[in-house]
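Participant: One file is attached below, data34.txt, containing compact mmCIF, N, CA and C atoms.
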```
# COMPACT_ATOMS: atom_id res chain seq x y z
N MET A 945 48.77 19.92 25.07
CA MET A 945 47.34 20.10 25.13
C MET A 945 46.70 19.90 23.75
N ARG A 946 47.34 20.43 22.71
CA ARG A 946 46.81 20.29 21.36
C ARG A 946 46.74 18.82 20.96
N ASN A 947 47.74 18.02 21.29
CA ASN A 947 47.73 16.60 20.97
C ASN A 947 46.59 15.87 21.67
N LEU A 948 46.28 16.30 22.88
CA LEU A 948 45.19 15.68 23.64
C LEU A 948 43.85 15.94 22.95
N VAL A 949 43.63 17.17 22.46
CA VAL A 949 42.39 17.51 21.75
C VAL A 949 42.30 16.74 20.45
N GLU A 950 43.40 16.67 19.69
CA GLU A 950 43.42 15.92 18.44
C GLU A 950 43.13 14.45 18.68
N LEU A 951 43.71 13.88 19.74
CA LEU A 951 43.47 12.48 20.08
C LEU A 951 42.01 12.24 20.44
N ALA A 952 41.43 13.17 21.20
CA ALA A 952 40.01 13.05 21.58
C ALA A 952 39.12 13.11 20.35
N LEU A 953 39.41 14.03 19.41
CA LEU A 953 38.63 14.13 18.18
C LEU A 953 38.74 12.87 17.33
N LYS A 954 39.94 12.34 17.21
CA LYS A 954 40.13 11.11 16.43
C LYS A 954 39.34 9.96 17.05
N ASN A 955 39.38 9.85 18.38
CA ASN A 955 38.66 8.77 19.06
C ASN A 955 37.15 8.91 18.87
N SER A 956 36.64 10.14 18.97
CA SER A 956 35.19 10.32 18.80
C SER A 956 34.77 10.03 17.36
N GLN A 957 35.59 10.44 16.39
CA GLN A 957 35.27 10.17 14.99
C GLN A 957 35.32 8.68 14.69
N SER A 958 36.30 7.97 15.24
CA SER A 958 36.38 6.54 14.99
C SER A 958 35.23 5.81 15.65
N GLN A 959 34.75 6.31 16.81
CA GLN A 959 33.60 5.70 17.48
C GLN A 959 32.34 5.88 16.62
N ILE A 960 32.18 7.08 16.04
CA ILE A 960 31.02 7.33 15.17
C ILE A 960 31.08 6.42 13.95
N LEU A 961 32.25 6.27 13.36
CA LEU A 961 32.39 5.41 12.19
C LEU A 961 32.11 3.95 12.53
N LYS A 962 32.49 3.52 13.73
CA LYS A 962 32.21 2.13 14.13
C LYS A 962 30.71 1.91 14.26
N GLU A 963 30.00 2.91 14.79
CA GLU A 963 28.55 2.77 14.99
C GLU A 963 27.82 2.66 13.66
N PHE A 964 28.32 3.32 12.63
CA PHE A 964 27.65 3.32 11.33
C PHE A 964 28.45 2.57 10.28
N ASP A 965 29.12 1.55 10.70
CA ASP A 965 29.91 0.74 9.77
C ASP A 965 28.96 -0.06 8.89
N MET A 966 28.94 0.23 7.59
CA MET A 966 28.02 -0.42 6.66
C MET A 966 28.52 -1.78 6.20
N SER A 967 29.76 -2.12 6.54
CA SER A 967 30.29 -3.41 6.10
C SER A 967 29.77 -4.55 6.96
N GLY A 968 29.25 -4.23 8.13
CA GLY A 968 28.74 -5.28 9.02
C GLY A 968 27.37 -5.74 8.58
N SER A 969 26.80 -6.59 9.37
CA SER A 969 25.48 -7.14 9.07
C SER A 969 24.42 -6.06 9.13
N SER A 970 23.42 -6.16 8.28
CA SER A 970 22.33 -5.19 8.30
C SER A 970 21.53 -5.30 9.60
N ASN A 971 21.52 -6.48 10.21
CA ASN A 971 20.82 -6.65 11.48
C ASN A 971 21.42 -5.78 12.57
N ILE A 972 22.74 -5.67 12.58
CA ILE A 972 23.40 -4.84 13.58
C ILE A 972 23.01 -3.39 13.38
N LEU A 973 22.99 -2.94 12.14
CA LEU A 973 22.61 -1.57 11.84
C LEU A 973 21.17 -1.31 12.25
N VAL A 974 20.28 -2.22 11.94
CA VAL A 974 18.87 -2.07 12.31
C VAL A 974 18.72 -2.04 13.82
N ASN A 975 19.44 -2.92 14.52
CA ASN A 975 19.37 -2.93 15.98
C ASN A 975 19.86 -1.61 16.56
N ASN A 976 20.94 -1.05 16.01
CA ASN A 976 21.43 0.25 16.48
C ASN A 976 20.39 1.33 16.25
N LEU A 977 19.75 1.31 15.10
CA LEU A 977 18.71 2.31 14.81
C LEU A 977 17.51 2.14 15.73
N ASN A 978 17.14 0.88 16.01
CA ASN A 978 16.00 0.62 16.89
C ASN A 978 16.27 1.12 18.30
N LYS A 979 17.51 1.01 18.76
CA LYS A 979 17.84 1.48 20.10
C LYS A 979 17.68 2.98 20.22
N ARG A 980 17.89 3.69 19.11
CA ARG A 980 17.84 5.15 19.13
C ARG A 980 16.45 5.69 18.83
N TYR A 981 15.53 4.85 18.37
CA TYR A 981 14.20 5.32 18.04
C TYR A 981 13.47 5.67 19.33
N PRO A 982 12.95 6.90 19.48
CA PRO A 982 12.43 7.35 20.77
C PRO A 982 11.04 6.85 21.14
N TYR A 983 10.38 6.05 20.29
CA TYR A 983 9.02 5.63 20.56
C TYR A 983 8.93 4.12 20.68
N ASP A 984 8.01 3.68 21.54
CA ASP A 984 7.66 2.27 21.57
C ASP A 984 6.70 2.02 20.43
N GLU A 985 6.47 0.74 20.11
CA GLU A 985 5.57 0.42 19.00
C GLU A 985 4.17 0.99 19.21
N GLU A 986 3.70 1.03 20.46
CA GLU A 986 2.36 1.52 20.73
C GLU A 986 2.28 3.04 20.71
N GLU A 987 3.43 3.73 20.75
CA GLU A 987 3.44 5.18 20.83
C GLU A 987 3.84 5.86 19.53
N VAL A 988 3.77 5.18 18.40
CA VAL A 988 4.18 5.76 17.13
C VAL A 988 3.35 7.03 16.89
N PRO A 989 4.01 8.15 16.51
CA PRO A 989 3.30 9.43 16.44
C PRO A 989 2.46 9.64 15.19
N ILE A 990 2.12 8.59 14.46
CA ILE A 990 1.24 8.71 13.30
C ILE A 990 0.10 7.72 13.45
N GLU A 991 -0.99 8.02 12.81
CA GLU A 991 -2.12 7.08 12.81
C GLU A 991 -2.14 6.31 11.52
N ILE A 992 -2.35 5.03 11.62
CA ILE A 992 -2.42 4.17 10.45
C ILE A 992 -3.88 3.89 10.16
N ASN A 993 -4.30 4.14 8.94
CA ASN A 993 -5.68 3.92 8.55
C ASN A 993 -5.86 2.44 8.23
N THR A 994 -6.55 1.73 9.12
CA THR A 994 -6.77 0.30 8.91
C THR A 994 -8.17 0.02 8.36
N LYS A 995 -8.95 1.09 8.13
CA LYS A 995 -10.30 0.91 7.59
C LYS A 995 -10.20 0.41 6.16
N PRO A 996 -10.89 -0.68 5.84
CA PRO A 996 -10.84 -1.16 4.47
C PRO A 996 -11.50 -0.16 3.53
N ASN A 997 -10.97 -0.04 2.33
CA ASN A 997 -11.53 0.94 1.41
C ASN A 997 -12.55 0.33 0.45
N TRP A 998 -12.89 -0.91 0.64
CA TRP A 998 -13.98 -1.55 -0.10
C TRP A 998 -15.08 -1.85 0.91
N ASP A 999 -16.32 -1.57 0.54
CA ASP A 999 -17.45 -1.91 1.40
C ASP A 999 -17.81 -3.38 1.19
N VAL A 1000 -18.03 -4.09 2.28
CA VAL A 1000 -18.44 -5.49 2.20
C VAL A 1000 -19.92 -5.56 2.57
N HIS A 1001 -20.71 -6.18 1.71
CA HIS A 1001 -22.15 -6.28 1.90
C HIS A 1001 -22.57 -7.74 1.90
N THR A 1002 -23.62 -8.01 2.65
CA THR A 1002 -24.21 -9.35 2.66
C THR A 1002 -25.70 -9.21 2.42
N ASP A 1003 -26.21 -9.99 1.48
CA ASP A 1003 -27.65 -10.02 1.25
C ASP A 1003 -28.10 -11.47 1.09
N ALA A 1004 -29.32 -11.68 0.61
CA ALA A 1004 -29.86 -13.03 0.50
C ALA A 1004 -29.06 -13.90 -0.47
N SER A 1005 -28.42 -13.28 -1.44
CA SER A 1005 -27.68 -14.07 -2.42
C SER A 1005 -26.24 -14.38 -1.98
N GLY A 1006 -25.73 -13.68 -0.99
CA GLY A 1006 -24.38 -13.95 -0.52
C GLY A 1006 -23.64 -12.70 -0.11
N CYS A 1007 -22.32 -12.77 -0.14
CA CYS A 1007 -21.46 -11.68 0.29
C CYS A 1007 -20.71 -11.12 -0.92
N PHE A 1008 -20.54 -9.78 -0.96
CA PHE A 1008 -19.81 -9.16 -2.07
C PHE A 1008 -19.10 -7.90 -1.58
N MET A 1009 -18.10 -7.47 -2.36
CA MET A 1009 -17.36 -6.25 -2.09
C MET A 1009 -17.76 -5.22 -3.13
N LYS A 1010 -17.84 -3.94 -2.69
CA LYS A 1010 -18.24 -2.89 -3.63
C LYS A 1010 -17.42 -1.63 -3.36
N LYS A 1011 -17.06 -0.96 -4.46
CA LYS A 1011 -16.35 0.30 -4.33
C LYS A 1011 -16.72 1.21 -5.49
N THR A 1012 -16.78 2.52 -5.22
CA THR A 1012 -17.06 3.52 -6.24
C THR A 1012 -15.80 4.33 -6.48
N TYR A 1013 -15.42 4.45 -7.74
CA TYR A 1013 -14.28 5.27 -8.15
C TYR A 1013 -14.82 6.49 -8.89
N ARG A 1014 -14.27 7.66 -8.59
CA ARG A 1014 -14.69 8.90 -9.26
C ARG A 1014 -13.55 9.43 -10.12
N PHE A 1015 -13.93 10.03 -11.26
CA PHE A 1015 -12.93 10.51 -12.22
C PHE A 1015 -13.24 11.94 -12.64
N SER A 1016 -12.18 12.68 -12.94
CA SER A 1016 -12.35 14.08 -13.35
C SER A 1016 -12.58 14.21 -14.85
N THR A 1017 -12.11 13.23 -15.63
CA THR A 1017 -12.32 13.29 -17.08
C THR A 1017 -12.72 11.92 -17.61
N ASN A 1018 -13.36 11.94 -18.78
CA ASN A 1018 -13.73 10.68 -19.43
C ASN A 1018 -12.49 9.88 -19.84
N LYS A 1019 -11.44 10.60 -20.21
CA LYS A 1019 -10.19 9.94 -20.59
C LYS A 1019 -9.67 9.05 -19.45
N HIS A 1020 -9.68 9.56 -18.23
CA HIS A 1020 -9.23 8.78 -17.08
C HIS A 1020 -10.16 7.61 -16.79
N LEU A 1021 -11.45 7.87 -16.91
CA LEU A 1021 -12.44 6.81 -16.69
C LEU A 1021 -12.26 5.68 -17.70
N MET A 1022 -12.09 6.03 -18.96
CA MET A 1022 -11.93 5.01 -20.01
C MET A 1022 -10.63 4.22 -19.82
N TYR A 1023 -9.57 4.89 -19.44
CA TYR A 1023 -8.31 4.20 -19.18
C TYR A 1023 -8.48 3.21 -18.02
N PHE A 1024 -9.14 3.67 -16.96
CA PHE A 1024 -9.39 2.80 -15.81
C PHE A 1024 -10.19 1.57 -16.21
N ILE A 1025 -11.27 1.77 -16.93
CA ILE A 1025 -12.11 0.64 -17.36
C ILE A 1025 -11.32 -0.33 -18.23
N SER A 1026 -10.54 0.18 -19.16
CA SER A 1026 -9.77 -0.73 -20.02
C SER A 1026 -8.75 -1.53 -19.22
N GLU A 1027 -8.13 -0.90 -18.23
CA GLU A 1027 -7.16 -1.62 -17.39
C GLU A 1027 -7.86 -2.65 -16.49
N VAL A 1028 -9.02 -2.29 -15.97
CA VAL A 1028 -9.80 -3.23 -15.15
C VAL A 1028 -10.19 -4.45 -15.98
N LEU A 1029 -10.64 -4.22 -17.21
CA LEU A 1029 -11.03 -5.34 -18.07
C LEU A 1029 -9.82 -6.21 -18.44
N ARG A 1030 -8.69 -5.56 -18.71
CA ARG A 1030 -7.47 -6.31 -19.05
C ARG A 1030 -7.03 -7.18 -17.87
N GLU A 1031 -6.99 -6.60 -16.69
CA GLU A 1031 -6.59 -7.36 -15.49
C GLU A 1031 -7.59 -8.48 -15.20
N SER A 1032 -8.85 -8.21 -15.39
CA SER A 1032 -9.88 -9.23 -15.16
C SER A 1032 -9.70 -10.40 -16.11
N ASP A 1033 -9.42 -10.13 -17.37
CA ASP A 1033 -9.16 -11.19 -18.35
C ASP A 1033 -7.93 -12.01 -17.97
N GLU A 1034 -6.87 -11.31 -17.57
CA GLU A 1034 -5.63 -12.01 -17.19
C GLU A 1034 -5.83 -12.92 -15.98
N ASN A 1035 -6.74 -12.52 -15.07
CA ASN A 1035 -6.98 -13.29 -13.85
C ASN A 1035 -8.20 -14.22 -13.97
N PHE A 1036 -8.84 -14.24 -15.12
CA PHE A 1036 -10.02 -15.09 -15.36
C PHE A 1036 -11.08 -14.91 -14.27
N HIS A 1037 -11.27 -13.64 -13.90
CA HIS A 1037 -12.23 -13.33 -12.84
C HIS A 1037 -12.79 -11.95 -13.14
N HIS A 1038 -14.10 -11.86 -13.43
CA HIS A 1038 -14.67 -10.61 -13.91
C HIS A 1038 -15.65 -10.01 -12.92
N PRO A 1039 -15.50 -8.72 -12.65
CA PRO A 1039 -16.41 -8.04 -11.72
C PRO A 1039 -17.66 -7.53 -12.45
N GLU A 1040 -18.63 -7.10 -11.66
CA GLU A 1040 -19.75 -6.36 -12.21
C GLU A 1040 -19.32 -4.90 -12.24
N ILE A 1041 -19.52 -4.24 -13.37
CA ILE A 1041 -19.10 -2.85 -13.53
C ILE A 1041 -20.30 -2.02 -13.95
N LEU A 1042 -20.54 -0.93 -13.21
CA LEU A 1042 -21.61 0.00 -13.54
C LEU A 1042 -20.99 1.38 -13.71
N ILE A 1043 -21.18 1.97 -14.90
CA ILE A 1043 -20.61 3.29 -15.19
C ILE A 1043 -21.74 4.31 -15.17
N LYS A 1044 -21.59 5.34 -14.32
CA LYS A 1044 -22.57 6.42 -14.23
C LYS A 1044 -21.84 7.75 -14.31
N LYS A 1045 -21.98 8.44 -15.41
CA LYS A 1045 -21.41 9.76 -15.60
C LYS A 1045 -19.91 9.77 -15.31
N ASP A 1046 -19.49 10.28 -14.14
CA ASP A 1046 -18.07 10.40 -13.81
C ASP A 1046 -17.62 9.39 -12.76
N LYS A 1047 -18.42 8.36 -12.53
CA LYS A 1047 -18.03 7.36 -11.53
C LYS A 1047 -18.25 5.95 -12.03
N VAL A 1048 -17.48 5.04 -11.44
CA VAL A 1048 -17.54 3.62 -11.80
C VAL A 1048 -17.75 2.83 -10.51
N ASP A 1049 -18.82 2.05 -10.46
CA ASP A 1049 -19.07 1.14 -9.34
C ASP A 1049 -18.60 -0.24 -9.75
N ILE A 1050 -17.79 -0.85 -8.88
CA ILE A 1050 -17.31 -2.21 -9.14
C ILE A 1050 -17.76 -3.10 -8.00
N VAL A 1051 -18.34 -4.24 -8.37
CA VAL A 1051 -18.76 -5.25 -7.40
C VAL A 1051 -17.95 -6.51 -7.67
N LEU A 1052 -17.33 -7.02 -6.60
CA LEU A 1052 -16.52 -8.24 -6.71
C LEU A 1052 -17.08 -9.33 -5.80
N PHE A 1053 -17.24 -10.50 -6.36
CA PHE A 1053 -17.59 -11.70 -5.60
C PHE A 1053 -17.34 -12.89 -6.50
N THR A 1054 -17.25 -14.05 -5.90
CA THR A 1054 -17.06 -15.27 -6.69
C THR A 1054 -18.42 -15.94 -6.84
N GLU A 1055 -18.87 -16.02 -8.07
CA GLU A 1055 -20.21 -16.49 -8.37
C GLU A 1055 -20.47 -17.93 -7.90
N GLN A 1056 -19.48 -18.80 -8.02
CA GLN A 1056 -19.67 -20.20 -7.67
C GLN A 1056 -19.98 -20.41 -6.19
N VAL A 1057 -19.46 -19.54 -5.33
CA VAL A 1057 -19.69 -19.70 -3.89
C VAL A 1057 -20.51 -18.55 -3.29
N ASN A 1058 -20.86 -17.57 -4.13
CA ASN A 1058 -21.60 -16.38 -3.67
C ASN A 1058 -20.95 -15.76 -2.43
N ASP A 1059 -19.64 -15.59 -2.51
CA ASP A 1059 -18.89 -15.04 -1.39
C ASP A 1059 -17.62 -14.37 -1.92
N VAL A 1060 -16.96 -13.63 -1.06
CA VAL A 1060 -15.70 -12.99 -1.40
C VAL A 1060 -14.57 -14.00 -1.18
N THR A 1061 -13.70 -14.13 -2.18
CA THR A 1061 -12.58 -15.07 -2.08
C THR A 1061 -11.25 -14.32 -2.24
N GLU A 1062 -10.17 -15.07 -2.14
CA GLU A 1062 -8.84 -14.48 -2.32
C GLU A 1062 -8.70 -13.83 -3.69
N GLN A 1063 -9.30 -14.42 -4.69
CA GLN A 1063 -9.25 -13.85 -6.04
C GLN A 1063 -9.88 -12.46 -6.08
N ASP A 1064 -10.98 -12.29 -5.35
CA ASP A 1064 -11.62 -10.98 -5.27
C ASP A 1064 -10.73 -9.97 -4.55
N MET A 1065 -10.11 -10.42 -3.47
CA MET A 1065 -9.20 -9.55 -2.73
C MET A 1065 -8.02 -9.12 -3.59
N LYS A 1066 -7.48 -10.07 -4.35
CA LYS A 1066 -6.35 -9.77 -5.23
C LYS A 1066 -6.75 -8.72 -6.27
N LEU A 1067 -7.89 -8.91 -6.90
CA LEU A 1067 -8.35 -7.95 -7.92
C LEU A 1067 -8.65 -6.58 -7.31
N SER A 1068 -9.20 -6.55 -6.11
CA SER A 1068 -9.51 -5.25 -5.48
C SER A 1068 -8.23 -4.44 -5.28
N LYS A 1069 -7.15 -5.11 -4.89
CA LYS A 1069 -5.87 -4.42 -4.72
C LYS A 1069 -5.32 -3.93 -6.06
N ILE A 1070 -5.46 -4.74 -7.08
CA ILE A 1070 -5.00 -4.35 -8.42
C ILE A 1070 -5.79 -3.14 -8.91
N PHE A 1071 -7.10 -3.15 -8.73
CA PHE A 1071 -7.94 -2.03 -9.18
C PHE A 1071 -7.58 -0.75 -8.43
N ASP A 1072 -7.33 -0.88 -7.13
CA ASP A 1072 -6.92 0.29 -6.34
C ASP A 1072 -5.59 0.85 -6.83
N GLU A 1073 -4.67 -0.03 -7.20
CA GLU A 1073 -3.37 0.42 -7.72
C GLU A 1073 -3.53 1.15 -9.05
N ILE A 1074 -4.39 0.64 -9.91
CA ILE A 1074 -4.65 1.31 -11.19
C ILE A 1074 -5.19 2.71 -10.93
N TYR A 1075 -6.14 2.81 -10.00
CA TYR A 1075 -6.73 4.11 -9.68
C TYR A 1075 -5.69 5.07 -9.10
N LYS A 1076 -4.84 4.57 -8.22
CA LYS A 1076 -3.78 5.41 -7.64
C LYS A 1076 -2.83 5.91 -8.72
N GLU A 1077 -2.50 5.06 -9.66
CA GLU A 1077 -1.62 5.47 -10.76
C GLU A 1077 -2.24 6.61 -11.56
N ILE A 1078 -3.52 6.51 -11.82
CA ILE A 1078 -4.21 7.57 -12.56
C ILE A 1078 -4.15 8.87 -11.76
N LYS A 1079 -4.41 8.80 -10.47
CA LYS A 1079 -4.40 9.99 -9.62
C LYS A 1079 -3.01 10.63 -9.56
N VAL A 1080 -1.98 9.80 -9.53
CA VAL A 1080 -0.60 10.32 -9.45
C VAL A 1080 -0.16 10.89 -10.79
N LEU A 1081 -0.48 10.20 -11.86
CA LEU A 1081 -0.02 10.63 -13.17
C LEU A 1081 -0.78 11.83 -13.72
N TYR A 1082 -2.04 11.98 -13.34
CA TYR A 1082 -2.85 13.05 -13.94
C TYR A 1082 -3.31 14.03 -12.91
```
Turn this file's structure into C-alpha cells for me.
Facilitator:
Amino acid sequence: MRNLVELALKNSQSQILKEFDMSGSSNILVNNLNKRYPYDEEEVPIEINTKPNWDVHTDASGCFMKKTYRFSTNKHLMYFISEVLRESDENFHHPEILIKKDKVDIVLFTEQVNDVTEQDMKLSKIFDEIYKEIKVLY
C-alpha cells in the first residue's frame, strides 16, 4: 500500500512539473495559462480607463491639444518645465506653455497645418511621463 501511495505522489509531481516545464516554448506556457484564466476577454474584472488625458479643442484657427499640470512645489514645476523644454528642443517641436502659480498649461499643435499631428501625440506622451516621474519620485 505504501508503494502505491508513493507511486501516485511521484506521478502527480511529475505531471505538475510537465505542465510548468520552462524549457519548452513560451507559447505553450502562455496557452496553458490562458486555459486556466477564469475570465473571457469581455469579462475582465477591472475597468480600463480609455479616456484621453489631453483635451482636444477645435476653433477657427484649427485643432489643438491642451492639458494642465499641477505641482505642489516650485522645485517640481521648474524641473518639469526644464524637461519639457529639453524634450521639445530634441524633437524640434515646441508647445505653447503658460505658467500660472502652481500649474502649467501646455498647448500642442503643428503650426504649419493648424492641426494635431503624430509629433504632438509623441510629445504629449513624453510630457505625461515626465509628470509621472515627478509624482513617483517626490
Participant: Rank nothing, just name the residue among A:Thr1017, A:Leu1042, A:Phe1024, A:Asn1035 nearest to Met1065 of chain A, using only C-alpha atoms.
Facilitator: A:Asn1035
Participant: Give me, please, the distance in Å between atom CA of Lys1010 of chain A and atom CA of Leu1052 of chain A, quoted to one decimal.
Facilitator: 6.4 Å
Participant: So how far away is atom N of Ile1050 of chain A from atom CA of Phe1008 of chain A, in Å?
Facilitator: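 Between atom CA of Phe1008 of chain A and atom N of Ile1050 of chain A the gap works out to 10.9 Å.
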Participant: Quote the spacing between atom C of Phe1053 of chain A and atom N of Lys1079 of chain A in Å to one decimal place.
Facilitator: 25.6 Å
Participant: Just the strand (DSSP E or B) stuff from segment 994-1053 of chain A, please, per backbone DSSP, written as a list in words.
Facilitator: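 DSSP on the backbone gives strand (DSSP E or B) at Asp999, Val1000, His1001, Thr1002, Asp1003, Gly1006, Cys1007, Phe1008, Met1009, Lys1010, Lys1011, Thr1012, Tyr1013, Arg1014, Glu1040, Ile1041, Leu1042, Ile1043, Lys1044, Lys1047, Val1048, Asp1049, Ile1050, Val1051 and Leu1052 of chain A.
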